[in-house]
Number of protein chains: 2
Amino acid sequence: MAKIALAIHGGAGTILRSQMTEELELEYRRGLEAALKAGWAVLEKGGPSLDAVEAAVVSLEDFPLFNSGRGAVFTSEGKNEMDAAIMDGKSLSAGAVAFVRNVRNPIRLARKVMEKTEHILLAGEGANQFAAEMGIETAPDEYFFTEHRWLQLQDAIADGRVQLDHVSEPAASAAGQSVRTKRNWPPANAGGSDLGTVGAVACDKNGSLAAATSTGGMTNKKFGRIGDTPLIGAGTYADDLCAVSCTGHGEYFMLGVSAYDVSARMRYKEISLEDAARETIARLTEISGEGGLIAVDTHGNVTLPFNSEGMYRGHITGNDNLMVVDIYS
Amino acid sequence: MAKIALAIHGGAGTILRSQMTEELELEYRRGLEAALKAGWAVLEKGGPSLDAVEAAVVSLEDFPLFNSGRGAVFTSEGKNEMDAAIMDGKSLSAGAVAFVRNVRNPIRLARKVMEKTEHILLAGEGANQFAAEMGIETAPDEYFFTEHRWLQLQDAIADGRVQLDHVSEPAASAAGQSVRTKRNWPPANAGGSDLGTVGAVACDKNGSLAAATSTGGMTNKKFGRIGDTPLIGAGTYADDLCAVSCTGHGEYFMLGVSAYDVSARMRYKEISLEDAARETIARLTEISGEGGLIAVDTHGNVTLPFNSEGMYRGHITGNDNLMVVDIYS
């Protein structure tokens, strides 16, 4: 029996202790802990890693502070468009969706794509049609309405700025700054602001691996931009060596093909998970990308490297069954 | 000065000499030769690889027999939706579009995404809006209407079958078969039928590399399926080691992250372009994928491996300046 292991993230970027209230930090920790518990319950019962990462991500999607599912940011049209991907390392199969609307848990839809179609990635209106045919649970616009996301959109529009899901210190106009100072929950540059993406990776008792990632994309996004989250190899990957979920400035993870890069380094250079993941983040830094990743191997080792100022993250391994949750670097 | 080199493809799959007429084969060869000439003219004048692959792919998109641009297949709604990606290895930058409509040359739009936005992948209506803002040349539906593609859609609908851009021997009903026997140009299972995707890779006099890929996707496709073509790392990749463009059953290239896999094998295993590309295709075979790829390195070496019965392909290198065009294995 392999050592079971689970790691999760809730986004990476500029997360400064100085901009975080005690109350808010506690709230984030609660969200991370709930997701770890949901995934761990599956693994402890001997369930498959695929179910564990789905359960953890559903929990994160339901939590309003993270930029995915319920807490998804708004597009320039005031809509919530979400991306998600899931991959099963054992069968090397994957499913993903891009800019779907009103789907309560995009990760569940991604899994349906994996299991019920011969495709991997469905996008837009077509993906929503598929959701309807599959009887996937939807939710009205009001469900996805969170006040801090709406205020972010107004800020972004006022600034003429497209916010990525994860950027540090967006260049804001004086006007934008003054709007932001009017509210303090959540702080504009602390959690829940420009940060986004949630994800989970797991190793089950059979040593099988799975990865899942979900995001609301970027505030005020236009032109149907698709980031790294739903792209197999960029933001999400799992095979017989490792499972990886990324978070950060998506375009750089796409150029670095970061999720698959961890696996490639392990396989071709014959190095450990930790060394491979560290090298992948070093490469990300080299190409000016910012963010982090979580990864697990078939021995139940986990690693959670990042080059940003913080990453919402947590893990449990069969070593000690201890839940570890952290935010800052 | 590096040895300049150019390779192109017009799709891979079941291409049988027995099902090809002499007239049709000549037509395909003409299309490939025209694209090689267009790209080679750029390289010979000392132009950048990025311009060369764009010129070659524009030529292939304009040629009605290949499944891209003008010759794009029809979706289930009778529309032409196209995907394309371009990547510059020198600057490690990329641009891509997914299911755009009425854009005469999707590869030109992909390049605009690379050069004019901070994003890499734009999809659907948003990508079309971006095209309008950029003043990209459009064409009416009639331009994209090719009779053989329309008949393919009627066949596919009659068979209740979704055709991938590249599949061998689709399981057709007796009714579907009888429809197909009514016409003989192009033959249903020979060129221009289920096959698709075009692409180009090049090395310029400075040893800089670029890759470009374009496709009309699959006949009768639904649900906004996105294949490997516009996904950086899956169907298209270029860096400082190699440039790669893939063609075949897209989902397997996504699972194998095939385009980037060539680069990863070269870098991490320190093997040649030819060995890396051969291993990537061997991996594709291992996971039941069908198709091929074209690749070039900084020394101007080219390789064009495939595991399907044929691949429309061609290349010229600075070794002998000879144009080589081939179809069968």
# chains A, B, ... in the order shown; residues from 1 in each chain; ligands from 1
>>> closest_atom_pairs(of="chain A", to="chain B", cutoff="9 Å", atoms="only C-alpha atoms", output="Markdown table")
| residue | atom | partner | partner_atom | distance |
| --- | --- | --- | --- | --- |
| A:Leu92 | CA | B:Leu255 | CA | 6.9 |
| A:Ser93 | CA | B:Leu255 | CA | 7.1 |
| A:Ala94 | CA | B:Leu255 | CA | 7.4 |
| A:Glu118 | CA | B:Glu251 | CA | 8.0 |
| A:His119 | CA | B:Glu251 | CA | 6.3 |
| A:Ile120 | CA | B:Glu251 | CA | 6.3 |
| A:Leu121 | CA | B:Ile226 | CA | 5.5 |
| A:Leu122 | CA | B:Arg225 | CA | 4.4 |
| A:Ala123 | CA | B:Gly224 | CA | 4.9 |
| A:Gly124 | CA | B:Gly224 | CA | 6.4 |
| A:Glu125 | CA | B:Gly224 | CA | 7.0 |
| A:Gly126 | CA | B:Phe223 | CA | 3.5 |
| A:Ala127 | CA | B:Phe223 | CA | 5.2 |
| A:Asn128 | CA | B:Phe223 | CA | 7.8 |
| A:Gln129 | CA | B:Phe223 | CA | 6.5 |
| A:Phe130 | CA | B:Phe223 | CA | 6.1 |
| A:Lys222 | CA | B:Gly126 | CA | 6.6 |
| A:Phe223 | CA | B:Gly126 | CA | 3.5 |
| A:Gly224 | CA | B:Gly126 | CA | 4.5 |
| A:Arg225 | CA | B:Leu122 | CA | 4.4 |
| A:Ile226 | CA | B:Leu121 | CA | 5.5 |
| A:Gly227 | CA | B:Leu121 | CA | 7.1 |
| A:Leu231 | CA | B:Leu231 | CA | 7.4 |
| A:Ile232 | CA | B:Met254 | CA | 6.5 |
| A:Gly233 | CA | B:Val257 | CA | 6.1 |
| A:Ala234 | CA | B:Gly233 | CA | 7.8 |
| A:Tyr237 | CA | B:Leu255 | CA | 8.7 |
| A:Gly250 | CA | B:His119 | CA | 8.8 |
| A:Glu251 | CA | B:Ile120 | CA | 6.3 |
| A:Met254 | CA | B:Ile232 | CA | 6.5 |
| A:Leu255 | CA | B:Ile232 | CA | 6.9 |
| A:Gly256 | CA | B:Gly233 | CA | 8.5 |
| A:Val257 | CA | B:Gly233 | CA | 6.1 |
| A:Tyr260 | CA | B:Val257 | CA | 7.3 |
| A:Asp261 | CA | B:Ala264 | CA | 7.6 |
| A:Ala264 | CA | B:Ala264 | CA | 6.4 |
| A:Arg265 | CA | B:Tyr268 | CA | 6.6 |
| A:Arg267 | CA | B:Tyr268 | CA | 9.0 |
| A:Tyr268 | CA | B:Lys269 | CA | 5.6 |
| A:Lys269 | CA | B:Tyr268 | CA | 5.6 |
| A:Ile287 | CA | B:Leu92 | CA | 8.4 |
>>> write_last_selection(atoms="C-alpha atoms", output="compact mmCIF listing (two decimals), in the first residue's frame")
# COMPACT_ATOMS: atom_id res chain seq x y z
CA LEU A 92 -3.94 8.96 -18.53
CA SER A 93 -7.31 10.51 -19.24
CA ALA A 94 -8.44 14.09 -18.79
CA GLU A 118 -14.03 11.27 -26.48
CA HIS A 119 -12.86 14.83 -26.12
CA ILE A 120 -10.76 16.58 -23.51
CA LEU A 121 -11.58 20.27 -23.75
CA LEU A 122 -15.02 21.81 -24.38
CA ALA A 123 -15.50 25.57 -24.36
CA GLY A 124 -18.11 28.29 -24.20
CA GLU A 125 -21.72 27.82 -25.16
CA GLY A 126 -20.99 24.30 -26.38
CA ALA A 127 -19.67 23.30 -22.99
CA ASN A 128 -22.79 24.74 -21.38
CA GLN A 129 -24.97 22.71 -23.78
CA PHE A 130 -23.04 19.62 -22.80
CA LYS A 222 -12.35 40.14 -22.57
CA PHE A 223 -12.02 38.38 -25.86
CA GLY A 224 -12.62 34.87 -24.52
CA ARG A 225 -9.15 34.59 -23.02
CA ILE A 226 -8.31 31.07 -21.88
CA GLY A 227 -5.54 30.69 -19.31
CA LEU A 231 -4.99 23.21 -20.52
CA ILE A 232 -3.57 19.74 -19.96
CA GLY A 233 0.19 20.09 -19.51
CA ALA A 234 0.09 23.81 -18.70
CA TYR A 237 -1.23 17.22 -15.38
CA GLY A 250 -1.37 31.69 -16.55
CA GLU A 251 0.34 32.74 -19.76
CA MET A 254 1.44 27.94 -20.83
CA LEU A 255 4.79 29.00 -22.34
CA GLY A 256 6.69 26.82 -19.86
CA VAL A 257 4.18 23.94 -20.16
CA TYR A 260 3.91 18.54 -17.70
CA ASP A 261 7.43 19.92 -17.27
CA ALA A 264 9.23 15.39 -17.99
CA ARG A 265 12.07 16.38 -15.68
CA ARG A 267 11.18 10.94 -16.24
CA TYR A 268 13.96 12.17 -18.50
CA LYS A 269 16.43 13.44 -15.89
CA ILE A 287 10.85 33.44 -18.16
>>> residues_around(residues="Leu26 of chain B", least_positions_apart="6", cutoff="12 Å", atoms="only C-alpha atoms", output="PyMOL selection string")
chain B and resi 20+32-33+65+191+325-327
>>> write_last_selection(atoms="N, CA, C and O atoms", output="compact mmCIF listing (two decimals), in the first residue's frame")
# COMPACT_ATOMS: atom_id res chain seq x y z
N MET B 20 -6.61 7.11 -54.01
CA MET B 20 -6.23 8.43 -54.51
C MET B 20 -6.18 8.39 -56.04
O MET B 20 -5.59 7.48 -56.62
N LEU B 32 1.12 21.58 -51.51
CA LEU B 32 2.28 21.50 -50.62
C LEU B 32 3.45 22.31 -51.18
O LEU B 32 4.14 23.03 -50.45
N GLU B 33 3.67 22.18 -52.49
CA GLU B 33 4.78 22.90 -53.12
C GLU B 33 4.61 24.41 -53.03
O GLU B 33 5.57 25.14 -52.77
N LEU B 65 -8.18 22.15 -50.40
CA LEU B 65 -8.23 20.72 -50.07
C LEU B 65 -7.78 20.39 -48.65
O LEU B 65 -8.05 19.30 -48.14
N GLY B 191 -7.50 11.75 -49.31
CA GLY B 191 -7.20 13.12 -48.89
C GLY B 191 -8.41 14.00 -48.78
O GLY B 191 -9.36 13.86 -49.54
N VAL B 325 8.52 16.51 -51.42
CA VAL B 325 7.10 16.45 -51.06
C VAL B 325 6.66 15.00 -51.07
O VAL B 325 7.03 14.25 -51.99
N ASP B 326 5.94 14.57 -50.05
CA ASP B 326 5.50 13.17 -50.02
C ASP B 326 4.16 13.03 -49.32
O ASP B 326 3.73 13.93 -48.59
N ILE B 327 3.49 11.93 -49.55
CA ILE B 327 2.16 11.71 -49.00
C ILE B 327 2.09 10.39 -48.23
O ILE B 327 1.65 10.34 -47.09
>>> select_by_dssp(residues="segment 11-163 of chain B", states="strand (DSSP E or B)", output="VMD selection string")
chain B and resid 11 to 13 82 to 88 93 to 100 103 121 to 123 138
>>> write_last_selection(atoms="N, CA and C atoms", output="PDB file, in the first residue's frame")
ATOM      1  N   GLY B  11      -1.675  17.422 -42.808  1.00  0.00           N
ATOM      2  CA  GLY B  11      -2.545  16.447 -42.154  1.00  0.00           C
ATOM      3  C   GLY B  11      -2.007  15.035 -42.262  1.00  0.00           C
ATOM      4  N   ALA B  12      -2.407  14.197 -41.308  1.00  0.00           N
ATOM      5  CA  ALA B  12      -1.978  12.796 -41.282  1.00  0.00           C
ATOM      6  C   ALA B  12      -3.185  11.911 -41.014  1.00  0.00           C
ATOM      7  N   GLY B  13      -3.112  10.668 -41.443  1.00  0.00           N
ATOM      8  CA  GLY B  13      -4.205   9.727 -41.187  1.00  0.00           C
ATOM      9  C   GLY B  13      -4.160   8.608 -42.202  1.00  0.00           C
ATOM     10  N   MET B  82     -12.580  27.594 -36.757  1.00  0.00           N
ATOM     11  CA  MET B  82     -11.171  27.291 -36.990  1.00  0.00           C
ATOM     12  C   MET B  82     -10.277  27.602 -35.794  1.00  0.00           C
ATOM     13  N   ASP B  83      -9.216  26.831 -35.659  1.00  0.00           N
ATOM     14  CA  ASP B  83      -8.235  27.009 -34.588  1.00  0.00           C
ATOM     15  C   ASP B  83      -6.858  27.231 -35.223  1.00  0.00           C
ATOM     16  N   ALA B  84      -6.019  27.999 -34.563  1.00  0.00           N
ATOM     17  CA  ALA B  84      -4.654  28.189 -35.059  1.00  0.00           C
ATOM     18  C   ALA B  84      -3.739  28.643 -33.931  1.00  0.00           C
ATOM     19  N   ALA B  85      -2.456  28.347 -34.077  1.00  0.00           N
ATOM     20  CA  ALA B  85      -1.460  28.785 -33.092  1.00  0.00           C
ATOM     21  C   ALA B  85      -0.143  29.078 -33.786  1.00  0.00           C
ATOM     22  N   ILE B  86       0.584  30.038 -33.248  1.00  0.00           N
ATOM     23  CA  ILE B  86       1.913  30.347 -33.762  1.00  0.00           C
ATOM     24  C   ILE B  86       2.822  30.592 -32.563  1.00  0.00           C
ATOM     25  N   MET B  87       4.086  30.169 -32.685  1.00  0.00           N
ATOM     26  CA  MET B  87       5.002  30.365 -31.565  1.00  0.00           C
ATOM     27  C   MET B  87       6.378  30.726 -32.087  1.00  0.00           C
ATOM     28  N   ASP B  88       6.970  31.721 -31.438  1.00  0.00           N
ATOM     29  CA  ASP B  88       8.291  32.206 -31.792  1.00  0.00           C
ATOM     30  C   ASP B  88       9.281  31.679 -30.754  1.00  0.00           C
ATOM     31  N   SER B  93       7.459  33.410 -27.231  1.00  0.00           N
ATOM     32  CA  SER B  93       6.124  33.999 -27.156  1.00  0.00           C
ATOM     33  C   SER B  93       5.214  33.248 -28.115  1.00  0.00           C
ATOM     34  N   ALA B  94       3.919  33.330 -27.823  1.00  0.00           N
ATOM     35  CA  ALA B  94       2.971  32.548 -28.607  1.00  0.00           C
ATOM     36  C   ALA B  94       1.624  33.236 -28.662  1.00  0.00           C
ATOM     37  N   GLY B  95       0.856  32.905 -29.699  1.00  0.00           N
ATOM     38  CA  GLY B  95      -0.509  33.391 -29.830  1.00  0.00           C
ATOM     39  C   GLY B  95      -1.352  32.307 -30.454  1.00  0.00           C
ATOM     40  N   ALA B  96      -2.621  32.250 -30.057  1.00  0.00           N
ATOM     41  CA  ALA B  96      -3.488  31.195 -30.579  1.00  0.00           C
ATOM     42  C   ALA B  96      -4.938  31.631 -30.526  1.00  0.00           C
ATOM     43  N   VAL B  97      -5.736  31.039 -31.408  1.00  0.00           N
ATOM     44  CA  VAL B  97      -7.175  31.287 -31.392  1.00  0.00           C
ATOM     45  C   VAL B  97      -7.911  29.967 -31.534  1.00  0.00           C
ATOM     46  N   ALA B  98      -9.110  29.890 -30.945  1.00  0.00           N
ATOM     47  CA  ALA B  98      -9.914  28.670 -31.038  1.00  0.00           C
ATOM     48  C   ALA B  98     -11.324  29.008 -31.487  1.00  0.00           C
ATOM     49  N   PHE B  99     -11.878  28.153 -32.316  1.00  0.00           N
ATOM     50  CA  PHE B  99     -13.167  28.313 -33.011  1.00  0.00           C
ATOM     51  C   PHE B  99     -13.559  29.749 -33.362  1.00  0.00           C
ATOM     52  N   VAL B 100     -12.735  30.333 -34.207  1.00  0.00           N
ATOM     53  CA  VAL B 100     -13.090  31.616 -34.803  1.00  0.00           C
ATOM     54  C   VAL B 100     -13.821  31.346 -36.122  1.00  0.00           C
ATOM     55  N   VAL B 103     -12.802  34.224 -40.392  1.00  0.00           N
ATOM     56  CA  VAL B 103     -11.472  34.828 -40.481  1.00  0.00           C
ATOM     57  C   VAL B 103     -10.742  34.121 -41.625  1.00  0.00           C
ATOM     58  N   LEU B 121      -4.125  32.642 -25.656  1.00  0.00           N
ATOM     59  CA  LEU B 121      -5.226  31.930 -26.312  1.00  0.00           C
ATOM     60  C   LEU B 121      -6.546  32.686 -26.150  1.00  0.00           C
ATOM     61  N   LEU B 122      -7.141  33.077 -27.265  1.00  0.00           N
ATOM     62  CA  LEU B 122      -8.475  33.690 -27.263  1.00  0.00           C
ATOM     63  C   LEU B 122      -9.423  32.760 -28.013  1.00  0.00           C
ATOM     64  N   ALA B 123     -10.670  32.667 -27.518  1.00  0.00           N
ATOM     65  CA  ALA B 123     -11.582  31.691 -28.124  1.00  0.00           C
ATOM     66  C   ALA B 123     -12.949  32.277 -28.413  1.00  0.00           C
ATOM     67  N   THR B 138     -11.650  39.356 -43.125  1.00  0.00           N
ATOM     68  CA  THR B 138     -12.662  38.311 -42.995  1.00  0.00           C
ATOM     69  C   THR B 138     -13.094  37.848 -44.374  1.00  0.00           C
TER      70      THR B 138
END
>>> closest_residue(among="B:Met311, B:Val73, B:Ala55, B:Ala139", to="Leu153 of chain B", atoms="only C-alpha atoms")
B:Val73
>>> residues_around(residues="segment 34-36 of chain A", least_positions_apart="5", cutoff="7 Å", atoms="only C-alpha atoms", output="PyMOL selection string")
chain A and resi 56-57+59-60+315
>>> write_last_selection(atoms="N, CA, C and O atoms", output="PDB file, in the first residue's frame")
ATOM      1  N   ALA A  56     -12.063  17.799  -2.991  1.00  0.00           N
ATOM      2  CA  ALA A  56     -11.342  18.958  -2.456  1.00  0.00           C
ATOM      3  C   ALA A  56     -11.638  20.208  -3.278  1.00  0.00           C
ATOM      4  O   ALA A  56     -11.874  21.289  -2.728  1.00  0.00           O
ATOM      5  N   VAL A  57     -11.638  20.061  -4.605  1.00  0.00           N
ATOM      6  CA  VAL A  57     -11.870  21.234  -5.457  1.00  0.00           C
ATOM      7  C   VAL A  57     -13.322  21.701  -5.372  1.00  0.00           C
ATOM      8  O   VAL A  57     -13.590  22.906  -5.381  1.00  0.00           O
ATOM      9  N   SER A  59     -15.101  21.630  -2.765  1.00  0.00           N
ATOM     10  CA  SER A  59     -15.134  22.389  -1.517  1.00  0.00           C
ATOM     11  C   SER A  59     -14.556  23.796  -1.718  1.00  0.00           C
ATOM     12  O   SER A  59     -15.113  24.786  -1.238  1.00  0.00           O
ATOM     13  N   LEU A  60     -13.461  23.879  -2.468  1.00  0.00           N
ATOM     14  CA  LEU A  60     -12.843  25.180  -2.737  1.00  0.00           C
ATOM     15  C   LEU A  60     -13.722  26.034  -3.652  1.00  0.00           C
ATOM     16  O   LEU A  60     -13.810  27.254  -3.494  1.00  0.00           O
ATOM     17  N   HIS A 315      -1.610  20.730   3.023  1.00  0.00           N
ATOM     18  CA  HIS A 315      -1.407  19.324   2.660  1.00  0.00           C
ATOM     19  C   HIS A 315      -1.555  18.415   3.875  1.00  0.00           C
ATOM     20  O   HIS A 315      -1.433  18.862   5.026  1.00  0.00           O
TER      21      HIS A 315
END
>>> atom_distance(atom1="atom CA of Glu81 of chain B", atom2="atom CA of Val198 of chain B")
14.8 Å
>>> atom_distance(atom1="atom CA of Gly292 of chain B", atom2="atom CA of Ser308 of chain B")
7.1 Å
>>> closest_residue(among="B:Thr215, B:Asn206, B:Thr21, B:Thr229", to="Leu50 of chain B", atoms="only C-alpha atoms")
B:Asn206
>>> residues_around(residues="Ala5 of chain B", least_positions_apart="2", cutoff="10 Å", atoms="only C-alpha atoms", output="compact mmCIF listing (two decimals) with C-alpha atoms, in the first residue's frame")
# COMPACT_ATOMS: atom_id res chain seq x y z
CA ALA B 2 22.72 28.66 -39.50
CA LYS B 3 21.46 26.38 -42.23
CA ALA B 7 9.07 21.69 -43.12
CA GLY B 39 7.91 29.95 -46.72
CA TRP B 40 11.24 29.35 -48.43
CA LEU B 43 14.05 32.31 -45.42
CA GLU B 44 16.14 32.71 -48.58
CA SER B 49 11.44 31.95 -39.21
CA ALA B 52 8.32 31.95 -42.98
CA VAL B 201 8.23 24.81 -38.76
CA ALA B 202 11.31 26.77 -39.76
CA CYS B 203 14.89 27.65 -38.85
CA ASP B 204 16.17 30.98 -40.16
CA LYS B 205 19.72 32.15 -40.91
CA GLY B 207 19.19 29.75 -36.04
CA LEU B 209 12.95 28.74 -34.71
CA VAL B 296 13.31 21.42 -36.93
CA ASP B 297 16.31 22.27 -34.73
CA THR B 298 18.73 25.20 -34.61
CA HIS B 299 21.16 23.41 -36.95
CA GLY B 300 18.53 23.24 -39.66
CA ASN B 301 17.90 19.52 -39.24
CA VAL B 302 14.34 18.47 -40.01
CA HIS B 315 10.54 20.09 -46.61
CA ILE B 316 13.48 22.05 -47.95
CA THR B 317 16.81 22.49 -46.20
CA GLY B 318 19.84 24.60 -46.90
CA ASN B 319 21.81 21.36 -47.47
CA ASN B 321 17.83 23.47 -51.52
>>> atom_distance(atom1="atom CA of Arg101 of chain B", atom2="atom CA of Asp141 of chain B")
8.7 Å
>>> select_by_dssp(residues="segment 9-114 of chain A", states="helix (DSSP H, G or I)", output="number ranges by chain")
A: 17-19, 22-44, 49-62, 69-71, 106-114
>>> write_last_selection(atoms="C-alpha atoms", output="mmCIF file, in the first residue's frame")
data_model
loop_
_atom_site.group_PDB
_atom_site.id
_atom_site.type_symbol
_atom_site.label_atom_id
_atom_site.label_comp_id
_atom_site.auth_asym_id
_atom_site.auth_seq_id
_atom_site.Cartn_x
_atom_site.Cartn_y
_atom_site.Cartn_z
ATOM 1 C CA ARG A 17 0.595 39.698 6.104
ATOM 2 C CA SER A 18 0.436 43.468 6.555
ATOM 3 C CA GLN A 19 -2.651 43.650 4.346
ATOM 4 C CA GLU A 22 -6.838 38.364 11.547
ATOM 5 C CA GLU A 23 -10.488 37.685 10.781
ATOM 6 C CA LEU A 24 -9.845 37.266 7.057
ATOM 7 C CA GLU A 25 -6.836 35.042 7.553
ATOM 8 C CA LEU A 26 -8.887 32.783 9.796
ATOM 9 C CA GLU A 27 -11.567 32.611 7.116
ATOM 10 C CA TYR A 28 -9.049 31.549 4.466
ATOM 11 C CA ARG A 29 -7.603 28.908 6.768
ATOM 12 C CA ARG A 30 -11.101 27.563 7.370
ATOM 13 C CA GLY A 31 -11.658 27.299 3.621
ATOM 14 C CA LEU A 32 -8.401 25.441 3.069
ATOM 15 C CA GLU A 33 -9.012 23.095 6.009
ATOM 16 C CA ALA A 34 -12.525 22.232 4.831
ATOM 17 C CA ALA A 35 -11.156 21.284 1.400
ATOM 18 C CA LEU A 36 -8.363 19.170 2.893
ATOM 19 C CA LYS A 37 -10.888 17.348 5.075
ATOM 20 C CA ALA A 38 -13.175 16.675 2.112
ATOM 21 C CA GLY A 39 -10.375 15.170 0.025
ATOM 22 C CA TRP A 40 -8.745 13.330 2.897
ATOM 23 C CA ALA A 41 -12.002 11.621 3.857
ATOM 24 C CA VAL A 42 -12.003 9.968 0.422
ATOM 25 C CA LEU A 43 -8.379 8.801 0.637
ATOM 26 C CA GLU A 44 -8.703 7.520 4.213
ATOM 27 C CA SER A 49 -7.243 9.897 -5.917
ATOM 28 C CA LEU A 50 -9.578 11.110 -8.671
ATOM 29 C CA ASP A 51 -12.505 11.299 -6.223
ATOM 30 C CA ALA A 52 -10.303 12.952 -3.614
ATOM 31 C CA VAL A 53 -9.159 15.823 -5.846
ATOM 32 C CA GLU A 54 -12.700 16.342 -7.097
ATOM 33 C CA ALA A 55 -14.048 16.520 -3.534
ATOM 34 C CA ALA A 56 -11.342 18.958 -2.456
ATOM 35 C CA VAL A 57 -11.870 21.234 -5.457
ATOM 36 C CA VAL A 58 -15.663 21.173 -5.072
ATOM 37 C CA SER A 59 -15.134 22.389 -1.517
ATOM 38 C CA LEU A 60 -12.843 25.180 -2.737
ATOM 39 C CA GLU A 61 -15.288 26.111 -5.513
ATOM 40 C CA ASP A 62 -18.084 26.411 -2.959
ATOM 41 C CA GLY A 69 -16.991 28.451 -8.644
ATOM 42 C CA ARG A 70 -19.020 30.613 -6.291
ATOM 43 C CA GLY A 71 -16.245 33.180 -5.800
ATOM 44 C CA PRO A 106 -17.068 23.360 -13.043
ATOM 45 C CA ILE A 107 -14.754 20.570 -11.844
ATOM 46 C CA ARG A 108 -17.695 18.132 -11.922
ATOM 47 C CA LEU A 109 -18.373 19.148 -15.511
ATOM 48 C CA ALA A 110 -14.713 18.635 -16.415
ATOM 49 C CA ARG A 111 -14.962 15.107 -15.033
ATOM 50 C CA LYS A 112 -18.055 14.453 -17.175
ATOM 51 C CA VAL A 113 -16.093 15.554 -20.243
ATOM 52 C CA MET A 114 -13.415 13.027 -19.278
#
>>> residues_around(residues="Pro305 of chain B", least_positions_apart="6", cutoff="12 Å", atoms="only C-alpha atoms", output="PyMOL selection string")
chain B and resi 7+9+12+244-248+262+273-282+284-285+290-296+311-314+328-329
